[in-house]
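Enquirer: Have a peek at work03.txt (compact mmCIF, C-alpha atoms).
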# COMPACT_ATOMS: atom_id res chain seq x y z
CA MET R 8 90.51 65.18 76.28
CA ASN R 9 87.58 66.75 78.10
CA GLU R 10 86.31 68.31 74.87
CA LEU R 11 86.65 64.98 73.02
CA ALA R 12 84.56 63.29 75.71
CA GLN R 13 82.06 66.15 75.58
CA ARG R 14 81.83 65.91 71.77
CA ALA R 15 81.13 62.17 72.01
CA ARG R 16 77.87 63.10 73.79
CA PRO R 17 75.68 65.32 71.56
CA ALA R 18 74.94 68.66 73.22
CA TRP R 19 71.46 69.00 71.74
CA GLY R 20 70.52 71.81 74.12
CA ALA R 21 73.41 73.88 72.78
CA VAL R 22 72.39 73.00 69.22
CA ILE R 23 68.87 74.29 69.88
CA SER R 24 70.35 77.46 71.39
CA MET R 25 72.27 77.97 68.13
CA ALA R 26 69.01 77.57 66.19
CA LEU R 27 67.40 80.21 68.43
CA GLY R 28 70.33 82.52 67.73
CA VAL R 29 69.94 82.02 63.99
CA PHE R 30 66.20 82.65 64.24
CA GLY R 31 66.76 85.90 66.11
CA LEU R 32 69.49 87.12 63.74
CA VAL R 33 67.65 86.31 60.50
CA THR R 34 64.37 87.72 61.84
CA ALA R 35 66.12 91.01 62.61
CA GLU R 36 67.76 90.93 59.18
CA PHE R 37 64.42 90.47 57.37
CA LEU R 38 62.29 92.92 59.41
CA PRO R 39 63.03 96.10 57.39
CA ALA R 40 61.53 94.50 54.29
CA SER R 41 58.08 94.42 55.96
CA LEU R 42 58.45 97.71 57.88
CA LEU R 43 60.21 99.94 55.36
CA THR R 44 57.29 102.31 54.66
CA PRO R 45 56.46 103.21 58.28
CA MET R 46 60.17 103.37 59.19
CA ALA R 47 60.84 105.86 56.38
CA ALA R 48 57.78 107.96 57.22
CA ASP R 49 58.64 108.13 60.94
CA LEU R 50 62.29 109.04 60.33
CA GLY R 51 61.46 111.56 57.59
CA VAL R 52 63.50 109.88 54.85
CA THR R 53 62.70 108.17 51.55
CA GLU R 54 62.09 104.46 51.40
CA GLY R 55 65.24 104.13 49.30
CA MET R 56 67.29 105.71 52.08
CA ALA R 57 65.65 103.54 54.73
CA GLY R 58 66.41 100.53 52.55
CA GLN R 59 70.10 101.15 53.16
CA ALA R 60 69.52 99.45 56.51
CA VAL R 61 69.63 96.19 54.55
CA THR R 62 72.66 97.19 52.48
CA VAL R 63 74.71 98.23 55.52
CA THR R 64 73.95 94.98 57.32
CA ALA R 65 75.02 92.83 54.36
CA ALA R 66 78.22 94.82 53.73
CA VAL R 67 79.32 94.67 57.38
CA ALA R 68 78.44 90.96 57.58
CA LEU R 69 80.65 90.25 54.55
CA LEU R 70 83.66 92.06 56.02
CA THR R 71 83.11 90.55 59.46
CA SER R 72 83.01 87.02 58.07
CA LEU R 73 86.53 87.48 56.68
CA LEU R 74 88.07 89.16 59.74
CA ILE R 75 86.34 87.75 62.82
CA SER R 76 88.37 84.52 63.23
CA THR R 77 91.60 86.53 63.24
CA ALA R 78 90.24 89.22 65.56
CA THR R 79 89.00 86.68 68.15
CA ARG R 80 91.64 83.99 67.73
CA ARG R 81 92.58 83.95 71.44
CA ILE R 82 89.05 84.13 72.93
CA ASP R 83 86.91 81.24 74.18
CA ARG R 84 84.27 80.54 71.49
CA ARG R 85 81.50 80.43 74.10
CA HIS R 86 82.26 84.05 75.01
CA VAL R 87 82.46 85.08 71.36
CA LEU R 88 79.06 83.57 70.54
CA LEU R 89 77.47 85.14 73.61
CA GLY R 90 78.96 88.44 72.45
CA PHE R 91 77.23 88.13 69.08
CA SER R 92 73.86 87.52 70.74
CA THR R 93 74.47 90.56 72.95
CA LEU R 94 75.13 92.61 69.80
CA LEU R 95 71.82 91.31 68.39
CA VAL R 96 69.93 92.63 71.41
CA ALA R 97 71.80 95.96 71.33
CA SER R 98 71.15 96.34 67.60
CA ASN R 99 67.39 95.87 67.92
CA LEU R 100 67.17 98.26 70.87
CA LEU R 101 69.22 100.90 69.05
CA VAL R 102 66.96 100.64 66.01
CA ALA R 103 63.82 100.71 68.17
CA PHE R 104 64.87 103.95 69.88
CA ALA R 105 66.60 105.53 66.84
CA PRO R 106 65.75 109.25 66.59
CA ASN R 107 67.17 109.49 63.06
CA LEU R 108 68.54 107.46 60.17
CA VAL R 109 72.16 107.67 61.31
CA VAL R 110 71.42 105.98 64.65
CA LEU R 111 69.27 103.38 62.90
CA LEU R 112 72.13 102.54 60.51
CA LEU R 113 74.51 102.27 63.46
CA GLY R 114 72.17 99.71 64.96
CA ARG R 115 72.20 97.79 61.69
CA VAL R 116 76.02 97.88 61.68
CA LEU R 117 75.90 96.02 65.01
CA LEU R 118 73.56 93.48 63.43
CA GLY R 119 75.99 93.01 60.53
CA LEU R 120 78.80 92.29 63.02
CA ALA R 121 76.62 89.74 64.80
CA LEU R 122 75.41 88.09 61.58
CA GLY R 123 78.80 87.77 59.92
CA GLY R 124 80.48 86.61 63.09
CA PHE R 125 77.81 84.13 64.18
CA TRP R 126 77.61 82.47 60.76
CA THR R 127 81.40 82.22 60.55
CA MET R 128 81.63 80.51 63.94
CA SER R 129 78.50 78.38 63.61
CA ILE R 130 79.79 75.49 61.51
CA ALA R 131 83.01 75.04 63.49
CA THR R 132 80.95 75.25 66.70
CA MET R 133 78.61 72.51 65.50
CA MET R 134 81.63 70.28 64.88
CA ARG R 135 82.46 70.67 68.59
CA LEU R 136 78.92 70.17 69.91
CA VAL R 137 78.04 66.82 68.31
CA PRO R 138 79.91 63.72 67.07
CA GLU R 139 81.08 63.83 63.47
CA ASP R 140 78.38 61.51 62.15
CA LEU R 141 75.68 63.75 63.65
CA VAL R 142 76.99 67.04 62.26
CA PRO R 143 74.52 67.06 59.29
CA ARG R 144 71.62 66.55 61.70
CA GLY R 145 72.87 69.31 63.97
CA LEU R 146 73.28 71.66 61.01
CA SER R 147 69.76 70.90 59.77
CA ILE R 148 68.37 71.82 63.21
CA MET R 149 70.38 75.05 63.26
CA PHE R 150 69.38 76.05 59.72
CA SER R 151 65.73 75.41 60.56
CA GLY R 152 66.03 78.73 62.40
CA VAL R 153 66.52 80.41 59.01
CA SER R 154 63.43 78.78 57.57
CA ALA R 155 61.36 79.64 60.64
CA ALA R 156 62.46 83.27 60.33
CA THR R 157 61.63 83.20 56.61
CA ILE R 158 58.11 82.05 57.43
CA ALA R 159 57.53 84.37 60.40
CA ALA R 160 59.51 87.60 59.97
CA ALA R 161 57.77 89.26 57.03
CA PRO R 162 54.09 88.48 57.78
CA LEU R 163 54.37 88.91 61.56
CA GLY R 164 56.53 92.01 61.20
CA SER R 165 53.95 93.56 58.90
CA TYR R 166 51.01 92.55 61.13
CA PHE R 167 52.49 93.77 64.41
CA GLY R 168 53.90 96.85 62.70
CA ASP R 169 50.36 97.88 61.76
CA LEU R 170 48.97 96.87 65.16
CA LEU R 171 51.65 98.28 67.49
CA GLY R 172 54.07 100.33 65.39
CA TRP R 173 57.41 99.45 63.84
CA ARG R 174 59.44 100.38 66.92
CA ASP R 175 57.58 97.87 69.08
CA VAL R 176 58.34 95.17 66.52
CA PHE R 177 62.05 95.78 67.08
CA HIS R 178 61.43 95.73 70.85
CA MET R 179 59.94 92.27 70.35
CA ALA R 180 62.94 91.26 68.26
CA ALA R 181 65.19 92.40 71.12
CA LEU R 182 63.26 90.16 73.52
CA LEU R 183 63.77 87.27 71.10
CA GLY R 184 67.50 88.03 71.22
CA VAL R 185 67.42 88.01 75.03
CA LEU R 186 65.79 84.56 74.94
CA ALA R 187 68.49 83.23 72.60
CA LEU R 188 71.21 84.77 74.77
CA ALA R 189 69.77 83.20 77.93
CA VAL R 190 69.49 79.71 76.43
CA GLN R 191 73.00 79.97 75.00
CA PHE R 192 74.35 81.09 78.37
CA MET R 193 72.79 78.01 79.98
CA THR R 194 73.77 75.44 77.35
CA LEU R 195 76.91 76.44 75.44
CA PRO R 196 80.03 74.76 76.86
CA ARG R 197 83.44 76.36 77.14
CA MET R 198 85.28 76.03 73.82
CA ALA R 199 88.89 77.15 73.88
CA PRO R 200 90.22 78.57 70.58
CA THR R 201 91.80 75.77 68.56
CA GLY R 202 94.27 77.77 66.47
CA LEU R 203 95.89 81.12 65.81
CA THR R 204 94.07 82.09 62.63
CA ARG R 205 95.62 84.92 60.64
CA LEU R 206 94.47 86.69 57.52
CA ARG R 207 96.90 84.67 55.41
CA THR R 208 95.07 81.54 56.57
CA LEU R 209 92.08 82.57 54.45
CA PHE R 210 94.25 82.62 51.34
CA ASP R 211 95.96 79.35 52.26
CA VAL R 212 92.59 77.62 52.74
CA LEU R 213 91.26 79.00 49.45
CA MET R 214 94.32 77.65 47.62
CA ARG R 215 93.84 74.09 48.84
CA PRO R 216 92.92 71.58 46.11
CA ARG R 217 89.28 71.96 45.03
CA VAL R 218 88.38 74.37 47.83
CA GLY R 219 88.40 77.42 45.54
CA LEU R 220 86.30 75.59 42.94
CA GLY R 221 83.87 74.50 45.65
CA MET R 222 83.49 78.07 46.89
CA LEU R 223 82.84 79.25 43.32
CA ALA R 224 80.21 76.55 42.80
CA ALA R 225 78.54 77.49 46.11
CA ALA R 226 78.50 81.14 45.06
CA LEU R 227 76.82 80.19 41.77
CA VAL R 228 74.15 78.18 43.60
CA PHE R 229 73.31 81.07 45.94
CA THR R 230 73.49 83.61 43.09
CA GLY R 231 70.95 81.61 41.12
CA HIS R 232 68.69 81.27 44.13
CA PHE R 233 68.70 84.93 45.12
CA ALA R 234 68.16 86.12 41.55
CA PHE R 235 65.03 83.94 41.66
CA PHE R 236 63.87 84.80 45.18
CA THR R 237 64.43 88.57 44.99
CA TYR R 238 62.06 88.91 42.03
CA ILE R 239 59.53 86.22 42.84
CA ARG R 240 56.83 88.70 43.90
CA PRO R 241 56.79 90.66 40.60
CA PHE R 242 56.82 87.32 38.75
CA LEU R 243 53.79 86.09 40.67
CA GLU R 244 51.96 89.39 40.17
CA THR R 245 52.74 89.97 36.47
CA VAL R 246 53.13 86.43 35.07
CA THR R 247 51.10 84.20 37.37
CA GLY R 248 48.51 86.95 37.81
CA VAL R 249 47.77 86.61 41.53
CA GLY R 250 47.02 89.40 43.99
CA VAL R 251 48.54 90.21 47.36
CA ASN R 252 46.76 87.35 49.15
CA GLY R 253 47.86 84.89 46.47
CA VAL R 254 51.47 86.07 46.72
CA ALA R 255 51.38 85.70 50.52
CA THR R 256 49.93 82.18 50.25
CA ILE R 257 52.51 81.02 47.71
CA LEU R 258 55.37 82.51 49.74
CA LEU R 259 54.03 80.81 52.86
CA GLY R 260 54.12 77.54 50.93
CA PHE R 261 57.72 78.29 49.95
CA GLY R 262 58.66 78.97 53.59
CA VAL R 263 57.03 75.83 54.97
CA ALA R 264 58.63 73.68 52.25
CA ASN R 265 61.97 75.35 52.93
CA PHE R 266 61.65 74.46 56.62
CA LEU R 267 60.99 70.82 55.73
CA GLY R 268 63.87 70.92 53.26
CA ASN R 269 66.32 71.58 56.10
CA TYR R 270 65.47 68.23 57.65
CA LEU R 271 65.32 66.51 54.26
CA GLY R 272 68.81 67.88 53.61
CA GLY R 273 70.13 66.48 56.89
CA TRP R 274 68.65 63.07 56.06
CA MET R 275 70.05 63.07 52.51
CA VAL R 276 73.51 64.31 53.50
CA GLU R 277 73.86 61.51 56.04
CA ARG R 278 73.35 59.09 53.13
CA SER R 279 75.14 60.83 50.24
CA LEU R 280 76.62 64.29 50.47
CA ARG R 281 77.73 64.36 46.84
CA LEU R 282 74.31 63.31 45.50
CA THR R 283 72.64 66.03 47.59
CA MET R 284 75.07 68.71 46.37
CA ILE R 285 74.40 67.81 42.72
CA ALA R 286 70.69 66.98 42.87
CA MET R 287 69.43 70.10 44.65
CA PRO R 288 70.79 72.78 42.25
CA LEU R 289 69.89 70.51 39.33
CA LEU R 290 66.29 70.36 40.60
CA MET R 291 66.19 74.11 41.25
CA GLY R 292 67.58 74.88 37.79
CA THR R 293 64.99 72.60 36.22
CA LEU R 294 62.23 74.30 38.22
CA GLY R 295 63.45 77.73 37.10
CA VAL R 296 63.28 76.69 33.47
CA SER R 297 59.89 75.04 34.05
CA LEU R 298 58.46 78.27 35.45
CA VAL R 299 59.45 79.93 32.17
CA VAL R 300 58.32 77.32 29.64
CA LEU R 301 55.23 75.77 31.25
CA GLU R 302 51.83 77.40 31.08
CA SER R 303 51.54 79.65 34.11
CA THR R 304 48.64 79.00 36.48
CA PRO R 305 48.41 79.78 40.21
CA ALA R 306 48.29 76.09 41.15
CA THR R 307 51.20 75.10 38.89
CA ASP R 308 53.43 77.99 39.95
CA ALA R 309 52.60 77.48 43.63
CA ALA R 310 53.68 73.84 43.37
CA LEU R 311 56.91 74.70 41.52
CA VAL R 312 57.80 77.46 43.98
CA ALA R 313 57.15 75.12 46.93
CA MET R 314 59.40 72.48 45.35
CA TRP R 315 62.08 75.15 44.94
CA GLY R 316 61.77 75.98 48.64
CA LEU R 317 62.11 72.30 49.57
CA ALA R 318 65.22 71.91 47.41
CA PHE R 319 66.86 75.11 48.67
CA GLY R 320 66.28 74.05 52.27
CA ALA R 321 68.86 71.30 51.76
CA ILE R 322 71.49 73.60 50.22
CA PRO R 323 72.93 75.25 53.38
CA VAL R 324 73.08 71.88 55.17
CA ALA R 325 74.89 70.26 52.23
CA TRP R 326 77.48 73.01 51.73
CA SER R 327 78.15 73.38 55.45
CA THR R 328 78.72 69.63 55.71
CA TRP R 329 81.01 69.75 52.64
CA LEU R 330 83.06 72.38 54.45
CA THR R 331 83.36 70.32 57.66
CA ARG R 332 84.66 67.35 55.68
CA THR R 333 86.88 69.27 53.27
CA VAL R 334 88.59 71.69 55.67
CA PRO R 335 88.06 70.18 59.16
CA ASP R 336 91.30 71.65 60.52
CA GLU R 337 90.46 75.26 59.55
CA ALA R 338 86.67 75.22 59.77
CA GLU R 339 86.37 78.80 61.04
CA SER R 340 88.47 80.29 58.24
CA ALA R 341 86.66 78.18 55.64
CA SER R 342 83.31 79.22 57.14
CA GLY R 343 84.34 82.86 56.81
CA LEU R 344 85.10 82.31 53.13
CA LEU R 345 81.78 80.54 52.57
CA VAL R 346 79.80 83.25 54.39
CA ALA R 347 81.60 85.92 52.33
CA ALA R 348 80.86 84.00 49.12
CA ILE R 349 77.17 83.73 50.06
CA ASN R 350 76.87 87.44 50.91
CA PHE R 351 78.58 88.31 47.63
CA ALA R 352 76.18 85.95 45.84
CA ILE R 353 73.17 87.63 47.49
CA ALA R 354 74.31 91.03 46.26
CA THR R 355 75.22 89.71 42.79
CA GLY R 356 72.00 87.76 42.32
CA ALA R 357 69.86 90.71 43.35
CA ALA R 358 71.84 93.26 41.31
CA VAL R 359 72.21 91.26 38.08
CA GLY R 360 68.65 89.95 38.44
CA GLY R 361 67.46 93.56 38.71
CA LEU R 362 69.30 94.53 35.54
CA ILE R 363 67.80 91.58 33.64
CA PHE R 364 64.37 92.37 35.10
CA ASP R 365 64.52 95.98 33.91
CA LEU R 366 65.67 94.92 30.44
CA GLY R 367 63.58 91.81 29.84
CA GLY R 368 61.11 91.14 32.65
CA ALA R 369 60.64 88.43 35.27
CA LEU R 370 60.64 85.50 32.83
CA ASN R 371 64.17 86.31 31.71
CA VAL R 372 65.31 86.57 35.34
CA PHE R 373 64.00 83.08 36.04
CA ALA R 374 65.56 81.73 32.84
CA ALA R 375 68.94 83.19 33.82
CA SER R 376 68.56 81.88 37.36
CA GLY R 377 67.80 78.39 36.08
CA ALA R 378 70.79 78.50 33.71
CA VAL R 379 73.17 79.53 36.53
CA LEU R 380 71.91 76.73 38.76
CA LEU R 381 72.28 74.12 36.01
CA LEU R 382 75.82 75.39 35.40
CA ALA R 383 76.52 75.06 39.13
CA ALA R 384 75.22 71.47 39.15
CA LEU R 385 77.49 70.63 36.19
CA MET R 386 80.48 72.25 37.91
CA ILE R 387 79.84 70.25 41.09
CA LEU R 388 79.46 67.04 39.08
CA MET R 389 82.68 67.59 37.14
CA GLY R 390 84.99 69.21 39.66
CA VAL R 391 83.82 69.30 43.28
CA ARG R 392 84.80 66.28 45.32
CA THR R 393 83.51 65.23 48.73
CA ARG R 394 85.30 63.14 51.31
CA PRO R 395 83.44 60.22 52.85
CA LEU R 396 82.71 60.50 56.54
CA ALA R 397 85.25 57.87 57.57
CA THR R 398 88.13 59.82 56.00
CA ALA R 399 86.95 63.33 56.67
CA GLY R 400 89.74 64.07 59.06
CA THR R 401 92.54 62.59 56.96
Output the file's structure as structure tokens, nothing else.

Expert:
Amino acid sequence: MNELAQRARPAWGAVISMALGVFGLVTAEFLPASLLTPMAADLGVTEGMAGQAVTVTAAVALLTSLLISTATRRIDRRHVLLGFSTLLVASNLLVAFAPNLVVLLLGRVLLGLALGGFWTMSIATMMRLVPEDLVPRGLSIMFSGVSAATIAAAPLGSYFGDLLGWRDVFHMAALLGVLALAVQFMTLPRMAPTGLTRLRTLFDVLMRPRVGLGMLAAALVFTGHFAFFTYIRPFLETVTGVGVNGVATILLGFGVANFLGNYLGGWMVERSLRLTMIAMPLLMGTLGVSLVVLESTPATDAALVAMWGLAFGAIPVAWSTWLTRTVPDEAESASGLLVAAINFAIATGAAVGGLIFDLGGALNVFAASGAVLLLAALMILMGVRTRPLATAGT
């Protein structure tokens, strides 16, 4: 009863603390991309070997997302979330002081545990922090942490890496984690575990009507996006014909639009979840095709890429809300499945996109990305159903 009364009053401070946690986690996840060269040189390894810091994080996050609800099924969710933020701080410090690649990878393993676990718990946590009708708004605030990290991590990481050194950048990331941990400690309420999740629960949830199809459609959406986003720089350099400053400006436009798209997504989902789920991948697919068939100019491509960022900003909010309304009784297990599907999609989009890029160039990657997104929109239109808010718990 106490938790029901607490949920009737939105805990916006706790919501903001979740956004800070997301910002810290995603910033740490993205930092190697802007610091890879100095990291490799300092540790005496190739850039390809240093790049495994990203691979290890993603692989551990995928496994953690599937196992964490079972492993922590008897622990207060407040303590679990604080534990993930503690792992974030420890990861950044371990990387900052790493004397060799092995220690650095161990630090990135800790980050993978924190990432996979935090994302798995985040949606179910949001359902306990705010009333049901405010969940989309809460999710849009939380996911704004991703967009903020997208805007800040790469350029600031590169700038401060040159100014202070890559190790000090990870020290700064550790301080960011301490800030998130402190705010979470002050604002997150006690949240007793609500069930005894077991591994079989994942299979049972996946077998529910339309859940498996929804997860497949979500995976297609994220696959299409990451095939596009992973190879956007070579597209802008070889097709659009812009230099480093032009690429940075266009990507900044993407990041700002993506940030705004989080809030647009929250506003749209509150009005029509189904329309949002169909319209956003349809728009992204159309933009992908447009980038291929329209005459390429810096202004045109910058506008199309920004529109893509705006549309994608609404995607995590929409799919997270779909999950809260489709599987409200097993939100943690369903979140684990969705996080696993997204991590698999990231790897698939990057890998298949790379193969297409090597065989046919950036234009063919964007064409394939657009086709996958249009297929996802059709699949959602034909087979994925959403429950209205009033019946979400029935």

Enquirer: Find the nearest atom pair between each residue of segment 147-172 of chain R and segment 28-33 of chain R for residues within 7 Å, count only C-alpha atoms, give distances in Å to one decimal, sort rows by chain and ascending number, and present the table as CSV.

Expert:
residue,atom,partner,partner_atom,distance
R:Gly152,CA,R:Phe30,CA,4.3
R:Val153,CA,R:Phe30,CA,5.7
R:Ala155,CA,R:Phe30,CA,6.7
R:Ala156,CA,R:Phe30,CA,5.4

Enquirer: May I have the residues within 6 Å of Gly292 of chain R as a tab-separated table (two decimals) with C-alpha atoms, keeping the file's coordinate frame, using only C-alpha atoms and disregarding those fewer than 4 positions away in the same chain?

Expert:
chain	number	residue	atom	x	y	z
R	288	PRO	CA	70.79	72.78	42.25
R	377	GLY	CA	67.80	78.39	36.08
R	380	LEU	CA	71.91	76.73	38.76
R	381	LEU	CA	72.28	74.12	36.01

Enquirer: Find the residues near Met222 of chain R: any atom within 7 Å, counting all atoms listed in the file, skip ones fewer than 4 places away on the same chain, and give them as a list in words.

Expert: Val218, Ala226, Leu345 and Ala348 of chain R

Enquirer: For Trp329 of chain R, which of R:Val251, R:Ala224, R:Leu289, R:Val87 is the closest residue, counting all atoms listed in the file?

Expert: R:Ala224

Enquirer: Determine the nearest neighbour of Val22 of chain R from the options R:Pro196, R:Gly124, R:Gly58, R:Gly51, counting all atoms listed in the file.

Expert: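 Nearest candidate to Val22 of chain R out of R:Pro196, R:Gly124, R:Gly58, R:Gly51: R:Pro196.
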
Enquirer: Using all atoms listed in the file, which residues sit within 6 Å of Ala68 of chain R once same-chain residues fewer than 5 positions away are excluded, as a list in words?

Expert: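 The neighbour list is Gly119, Leu120, Leu122 and Gly123 of chain R.
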
Enquirer: Which distance in Å separates atom CA of Asp169 of chain R and atom CA of Leu43 of chain R, to one decimal?

Expert: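 Going from atom CA of Asp169 of chain R over to atom CA of Leu43 of chain R covers 11.9 Å.
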
Enquirer: Using only C-alpha atoms, which residue out of R:Val61, R:Val212, R:Leu100, R:Leu136 lies closest to Pro17 of chain R?

Expert: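 Between R:Val61, R:Val212, R:Leu100, R:Leu136, the residue approaching Pro17 of chain R most closely is R:Leu136.
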
Enquirer: Between R:Phe104, R:Phe37, R:Phe236, R:Trp326, single out the one closest to Gly295 of chain R, counting only C-alpha atoms.

Expert: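 Selected residue with least distance to Gly295 of chain R: R:Phe236.
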
Enquirer: Could you check how far atom CA of Ala384 of chain R sits from atom CA of Thr62 of chain R, in Å to one decimal?

Expert: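 Result for atom CA of Ala384 of chain R versus atom CA of Thr62 of chain R: 29.1 Å, one decimal.
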
Enquirer: Would you kindly return, as number ranges by chain, each protein, DNA or RNA residue with an atom no farther than 9 Å from any atom of Met46 of chain R, considering all atoms listed in the file and excluding same-chain residues fewer than 4 positions away?

Expert: R: 39, 42, 50-52, 54, 57, 173-174

Enquirer: Which is closer to Asp365 of chain R than all the others in R:Val137, R:Ala65, R:Phe319, R:Pro241, using only C-alpha atoms?

Expert: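 Using only C-alpha atoms, the shortest distance to Asp365 of chain R belongs to R:Pro241.
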